[in-house]
Amino acid sequence: MSYKSNPSKRTKPPRTRYKIYPVDANLLIIVIILSIFGTVAVFSAGAPEGADYYQNPLYYPIKHLIFGVIGFIFMAIAALIDYKKWKKWAIPISVVIILLIVATLIPGLGKTTYGSSRWLTFLPVQPSEFGKFACVILAASALSQVKSLFDEKMLVNFGLIVFMMGVIFIQPNLSIFLLLAGTCVAMALAAGMSYRMLLLFGACSLPVLLMKIKGTTYQMNRIQGWLDPFSDPQGIGYNLIQSWYAISSGGLLGVGLGNSKQKLYWLPFGHTDFIFAVIAEELGFLGSVCLIILFVLFIKRGFKISARCEDKFGKLLGFGITFIIGAQAFINMCVATGVFPVTGVTLPLISYGGSSFMITTFMIGILLNISRKRTERVEHE
């Protein structure tokens, strides 16, 4: 005797659906701690210059707090926006950012400081900082749906990235240029692109980069000052030497919060590019290690969020955001310790700087949104 199975009793396969969770609490806590750490550091490092130039030692801390409030508002908004929408908005947003970067080279619109045209006369922002966001969303959008190296999406998106990097290269802003290039390479490798092709592109680009550095006086001075700072201790080697003095003065436990001597008269850019040196002097080796651990935890958490995302665009977007913030942090610390040549890269969430703080917190907001969406298998109802 044969029996027919009852279709109504057949087990349906489980289906997959997205479920919205609260934002990743661990990442948010790390970001809040880093931001508080940065506010205290700017208060200490920026007080002498604020008193000298603006007759107000609270000038930089107050502005930093304003940037912080705006930045956290941006982060909250970005955390509520579905990260998938950035794929659709990638090109329009990036075109606006690129036009702002191009405007820095137009006489009357751009403003030159320290030999580089990075600022606008009509907006108190540094557009190249926003270029980091454009680079990440363009690369994530292209790499997440690429079928071949010469796919139309690849050509358009990476064409925009290359053009933007070219303008930043001309400014010149070599530090941001290298940061964007490194991020693109890392994201391409994460997407599974052949490392041989990337090596070929790198080999073709290297001669142009070296010629540009050789032809730019202040960049060559930075290289020479990095290789042998004591050959000109009052000139090209001055910044690095003063940073070393600050770090070595801190010892194990530091001279105490607010008691840095180097920030008073000797260390330039103590509240921006060399804020890590002031932290090392005041909080010592242990304080510096704590700060490094916070950034390591941030990177670890960011990569975990991106790895957990089921969507390839979300994976690459989260990876790119985490990488570019983490890489910038360690470039800044390597500059302060003399591992890398002196650049104009700030320490994310720590250094004074409105453009950097706001775009960093905004990108972190997108990362928090990625952390909210997870897939789960559910039985039929």
# chains A, B, ... in the order shown; residues from 1 in each chain; ligands from 1
>>> closest_atom_pairs(of="stretch 85-106 of chain A", to="stretch 310-322 of chain A", cutoff="12 Å", atoms="only C-alpha atoms", output="Markdown table")
| residue | atom | partner | partner_atom | distance |
| --- | --- | --- | --- | --- |
| A:Lys85 | CA | A:Phe313 | CA | 10.5 |
| A:Trp86 | CA | A:Leu317 | CA | 9.3 |
| A:Lys87 | CA | A:Phe313 | CA | 7.8 |
| A:Lys88 | CA | A:Phe313 | CA | 11.3 |
| A:Ala90 | CA | A:Leu317 | CA | 11.3 |
>>> residues_around(residues="A:Tyr60", least_positions_apart="5", cutoff="9 Å", atoms="only C-alpha atoms", output="JSON list (two decimals) with N, CA and C atoms, in the first residue's frame")
[["chain", "number", "residue", "atom", "x", "y", "z"],
["A", 42, "VAL", "N", 42.50, 68.65, 23.46],
["A", 42, "VAL", "CA", 42.46, 69.95, 22.79],
["A", 42, "VAL", "C", 42.44, 71.08, 23.81],
["A", 43, "PHE", "N", 41.72, 70.88, 24.91],
["A", 43, "PHE", "CA", 41.70, 71.88, 25.98],
["A", 43, "PHE", "C", 43.10, 72.13, 26.51],
["A", 46, "GLY", "N", 45.62, 73.20, 23.20],
["A", 46, "GLY", "CA", 45.27, 74.41, 22.48],
["A", 46, "GLY", "C", 45.21, 75.66, 23.33],
["A", 47, "ALA", "N", 45.26, 75.53, 24.65],
["A", 47, "ALA", "CA", 45.14, 76.69, 25.53],
["A", 47, "ALA", "C", 46.23, 77.74, 25.30],
["A", 49, "GLU", "N", 48.12, 78.52, 22.62],
["A", 49, "GLU", "CA", 47.95, 79.23, 21.35],
["A", 49, "GLU", "C", 46.69, 80.07, 21.35],
["A", 50, "GLY", "N", 45.62, 79.56, 21.98],
["A", 50, "GLY", "CA", 44.41, 80.35, 22.09],
["A", 50, "GLY", "C", 44.62, 81.63, 22.87],
["A", 65, "LEU", "N", 34.18, 71.79, 20.93],
["A", 65, "LEU", "CA", 32.92, 71.29, 21.48],
["A", 65, "LEU", "C", 31.77, 71.55, 20.51],
["A", 271, "HIS", "N", 47.91, 71.22, 18.96],
["A", 271, "HIS", "CA", 46.49, 70.85, 19.12],
["A", 271, "HIS", "C", 45.92, 70.18, 17.87],
["A", 352, "TYR", "N", 42.06, 68.91, 17.05],
["A", 352, "TYR", "CA", 41.17, 70.02, 16.72],
["A", 352, "TYR", "C", 41.03, 70.10, 15.21]]
>>> select_by_dssp(residues="stretch 38-153 of chain A", states="strand (DSSP E or B)", output="VMD selection string")
chain A and resid 107 110 to 113 116 to 120
>>> write_last_selection(atoms="C-alpha atoms", output="short mmCIF file (atom, residue, chain, number, x, y, z; two decimals), in the first residue's frame")
data_model
loop_
_atom_site.label_atom_id
_atom_site.label_comp_id
_atom_site.auth_asym_id
_atom_site.auth_seq_id
_atom_site.Cartn_x
_atom_site.Cartn_y
_atom_site.Cartn_z
CA PRO A 107 41.86 81.99 -7.73
CA GLY A 110 40.67 78.78 -2.94
CA LYS A 111 42.89 79.85 -0.08
CA THR A 112 46.56 78.88 0.14
CA THR A 113 48.12 78.08 3.53
CA SER A 116 48.95 74.15 -0.26
CA SER A 117 45.53 75.23 -1.60
CA ARG A 118 43.25 73.17 0.61
CA TRP A 119 40.70 75.69 1.89
CA LEU A 120 37.81 77.68 0.44
#
>>> residues_around(residues="stretch 62-64 of chain A", least_positions_apart="6", cutoff="10 Å", atoms="only C-alpha atoms", output="PyMOL selection string")
chain A and resi 38-39+42-43+70+350-354+357
>>> write_last_selection(atoms="all heavy atoms", output="JSON list (two decimals), in the first residue's frame")
[["chain", "number", "residue", "atom", "x", "y", "z"],
["A", 38, "GLY", "N", 39.63, 63.38, 23.27],
["A", 38, "GLY", "CA", 40.06, 64.43, 22.37],
["A", 38, "GLY", "C", 39.72, 65.81, 22.88],
["A", 38, "GLY", "O", 40.53, 66.74, 22.74],
["A", 39, "THR", "N", 38.55, 65.98, 23.46],
["A", 39, "THR", "CA", 38.16, 67.29, 23.99],
["A", 39, "THR", "C", 39.11, 67.74, 25.10],
["A", 39, "THR", "O", 39.54, 68.90, 25.15],
["A", 39, "THR", "CB", 36.72, 67.24, 24.52],
["A", 39, "THR", "OG1", 35.84, 66.84, 23.46],
["A", 39, "THR", "CG2", 36.28, 68.59, 25.05],
["A", 42, "VAL", "N", 42.50, 68.65, 23.46],
["A", 42, "VAL", "CA", 42.46, 69.95, 22.79],
["A", 42, "VAL", "C", 42.44, 71.08, 23.81],
["A", 42, "VAL", "O", 43.09, 72.12, 23.62],
["A", 42, "VAL", "CB", 41.23, 70.04, 21.85],
["A", 42, "VAL", "CG1", 41.03, 71.46, 21.35],
["A", 42, "VAL", "CG2", 41.38, 69.09, 20.68],
["A", 43, "PHE", "N", 41.72, 70.88, 24.91],
["A", 43, "PHE", "CA", 41.70, 71.88, 25.98],
["A", 43, "PHE", "C", 43.10, 72.13, 26.51],
["A", 43, "PHE", "O", 43.51, 73.27, 26.73],
["A", 43, "PHE", "CB", 40.79, 71.41, 27.11],
["A", 43, "PHE", "CG", 40.79, 72.34, 28.31],
["A", 43, "PHE", "CD1", 40.04, 73.50, 28.31],
["A", 43, "PHE", "CD2", 41.56, 72.05, 29.43],
["A", 43, "PHE", "CE1", 40.05, 74.36, 29.40],
["A", 43, "PHE", "CE2", 41.58, 72.90, 30.52],
["A", 43, "PHE", "CZ", 40.82, 74.06, 30.51],
["A", 70, "ILE", "N", 27.89, 69.21, 16.57],
["A", 70, "ILE", "CA", 27.44, 69.08, 15.18],
["A", 70, "ILE", "C", 27.78, 67.69, 14.64],
["A", 70, "ILE", "O", 26.97, 67.04, 13.97],
["A", 70, "ILE", "CB", 28.09, 70.17, 14.30],
["A", 70, "ILE", "CG1", 27.64, 71.56, 14.75],
["A", 70, "ILE", "CG2", 27.73, 69.96, 12.83],
["A", 70, "ILE", "CD1", 28.35, 72.70, 14.06],
["A", 350, "ILE", "N", 40.34, 63.17, 17.91],
["A", 350, "ILE", "CA", 41.21, 63.70, 18.97],
["A", 350, "ILE", "C", 41.67, 65.11, 18.65],
["A", 350, "ILE", "O", 41.51, 66.03, 19.45],
["A", 350, "ILE", "CB", 42.45, 62.79, 19.19],
["A", 350, "ILE", "CG1", 42.01, 61.34, 19.48],
["A", 350, "ILE", "CG2", 43.32, 63.33, 20.32],
["A", 350, "ILE", "CD1", 41.25, 61.16, 20.77],
["A", 351, "SER", "N", 42.24, 65.30, 17.46],
["A", 351, "SER", "CA", 42.78, 66.61, 17.08],
["A", 351, "SER", "C", 41.67, 67.65, 16.89],
["A", 351, "SER", "O", 40.52, 67.32, 16.57],
["A", 351, "SER", "CB", 43.57, 66.50, 15.78],
["A", 351, "SER", "OG", 44.70, 65.69, 15.92],
["A", 352, "TYR", "N", 42.06, 68.91, 17.05],
["A", 352, "TYR", "CA", 41.17, 70.02, 16.72],
["A", 352, "TYR", "C", 41.03, 70.10, 15.21],
["A", 352, "TYR", "O", 42.01, 69.99, 14.48],
["A", 352, "TYR", "CB", 41.75, 71.33, 17.27],
["A", 352, "TYR", "CG", 41.02, 72.56, 16.79],
["A", 352, "TYR", "CD1", 39.85, 72.98, 17.41],
["A", 352, "TYR", "CD2", 41.50, 73.29, 15.70],
["A", 352, "TYR", "CE1", 39.17, 74.11, 16.97],
["A", 352, "TYR", "CE2", 40.84, 74.42, 15.26],
["A", 352, "TYR", "CZ", 39.68, 74.82, 15.89],
["A", 352, "TYR", "OH", 39.01, 75.93, 15.45],
["A", 353, "GLY", "N", 39.82, 70.30, 14.72],
["A", 353, "GLY", "CA", 39.58, 70.42, 13.29],
["A", 353, "GLY", "C", 38.16, 70.06, 12.96],
["A", 353, "GLY", "O", 37.77, 68.89, 13.08],
["A", 354, "GLY", "N", 37.37, 71.06, 12.55],
["A", 354, "GLY", "CA", 35.95, 70.82, 12.31],
["A", 354, "GLY", "C", 35.66, 69.89, 11.16],
["A", 354, "GLY", "O", 34.83, 68.99, 11.27],
["A", 357, "PHE", "N", 36.60, 66.24, 12.09],
["A", 357, "PHE", "CA", 35.75, 65.66, 13.13],
["A", 357, "PHE", "C", 34.36, 65.35, 12.58],
["A", 357, "PHE", "O", 33.80, 64.27, 12.82],
["A", 357, "PHE", "CB", 35.64, 66.60, 14.33],
["A", 357, "PHE", "CG", 35.04, 65.95, 15.54],
["A", 357, "PHE", "CD1", 35.86, 65.41, 16.52],
["A", 357, "PHE", "CD2", 33.67, 65.87, 15.71],
["A", 357, "PHE", "CE1", 35.31, 64.80, 17.65],
["A", 357, "PHE", "CE2", 33.12, 65.26, 16.83],
["A", 357, "PHE", "CZ", 33.94, 64.72, 17.80]]
>>> closest_atom_pairs(of="stretch 203-252 of chain A", to="stretch 329-348 of chain A", cutoff="12 Å", atoms="only C-alpha atoms", output="JSON lines")
{"residue": "A:Tyr218", "atom": "CA", "partner": "A:Val342", "partner_atom": "CA", "distance": 10.7}
{"residue": "A:Gln219", "atom": "CA", "partner": "A:Thr343", "partner_atom": "CA", "distance": 9.0}
{"residue": "A:Met220", "atom": "CA", "partner": "A:Pro341", "partner_atom": "CA", "distance": 10.1}
{"residue": "A:Asn221", "atom": "CA", "partner": "A:Val342", "partner_atom": "CA", "distance": 9.8}
{"residue": "A:Arg222", "atom": "CA", "partner": "A:Val342", "partner_atom": "CA", "distance": 6.1}
{"residue": "A:Ile223", "atom": "CA", "partner": "A:Pro341", "partner_atom": "CA", "distance": 5.9}
{"residue": "A:Gln224", "atom": "CA", "partner": "A:Pro341", "partner_atom": "CA", "distance": 8.7}
{"residue": "A:Gly225", "atom": "CA", "partner": "A:Pro341", "partner_atom": "CA", "distance": 7.8}
{"residue": "A:Trp226", "atom": "CA", "partner": "A:Pro341", "partner_atom": "CA", "distance": 5.2}
{"residue": "A:Leu227", "atom": "CA", "partner": "A:Pro341", "partner_atom": "CA", "distance": 8.1}
{"residue": "A:Asp228", "atom": "CA", "partner": "A:Gly338", "partner_atom": "CA", "distance": 10.5}
{"residue": "A:Pro229", "atom": "CA", "partner": "A:Gly338", "partner_atom": "CA", "distance": 9.7}
{"residue": "A:Ile236", "atom": "CA", "partner": "A:Val342", "partner_atom": "CA", "distance": 9.9}
{"residue": "A:Gly237", "atom": "CA", "partner": "A:Val342", "partner_atom": "CA", "distance": 9.5}
{"residue": "A:Tyr238", "atom": "CA", "partner": "A:Val342", "partner_atom": "CA", "distance": 10.6}
{"residue": "A:Asn239", "atom": "CA", "partner": "A:Val342", "partner_atom": "CA", "distance": 8.1}
{"residue": "A:Leu240", "atom": "CA", "partner": "A:Gly338", "partner_atom": "CA", "distance": 6.6}
{"residue": "A:Ile241", "atom": "CA", "partner": "A:Gly338", "partner_atom": "CA", "distance": 8.9}
{"residue": "A:Gln242", "atom": "CA", "partner": "A:Ala336", "partner_atom": "CA", "distance": 9.5}
{"residue": "A:Ser243", "atom": "CA", "partner": "A:Ala336", "partner_atom": "CA", "distance": 6.0}
{"residue": "A:Trp244", "atom": "CA", "partner": "A:Thr337", "partner_atom": "CA", "distance": 6.6}
{"residue": "A:Tyr245", "atom": "CA", "partner": "A:Thr337", "partner_atom": "CA", "distance": 10.2}
{"residue": "A:Ala246", "atom": "CA", "partner": "A:Ala336", "partner_atom": "CA", "distance": 9.7}
{"residue": "A:Ile247", "atom": "CA", "partner": "A:Thr337", "partner_atom": "CA", "distance": 7.8}
{"residue": "A:Ser248", "atom": "CA", "partner": "A:Thr337", "partner_atom": "CA", "distance": 10.0}
>>> closest_residue(among="A:Ser44, A:Ser231, A:Asn56, A:Gln126", to="A:Ile279", atoms="only C-alpha atoms")
A:Ser44
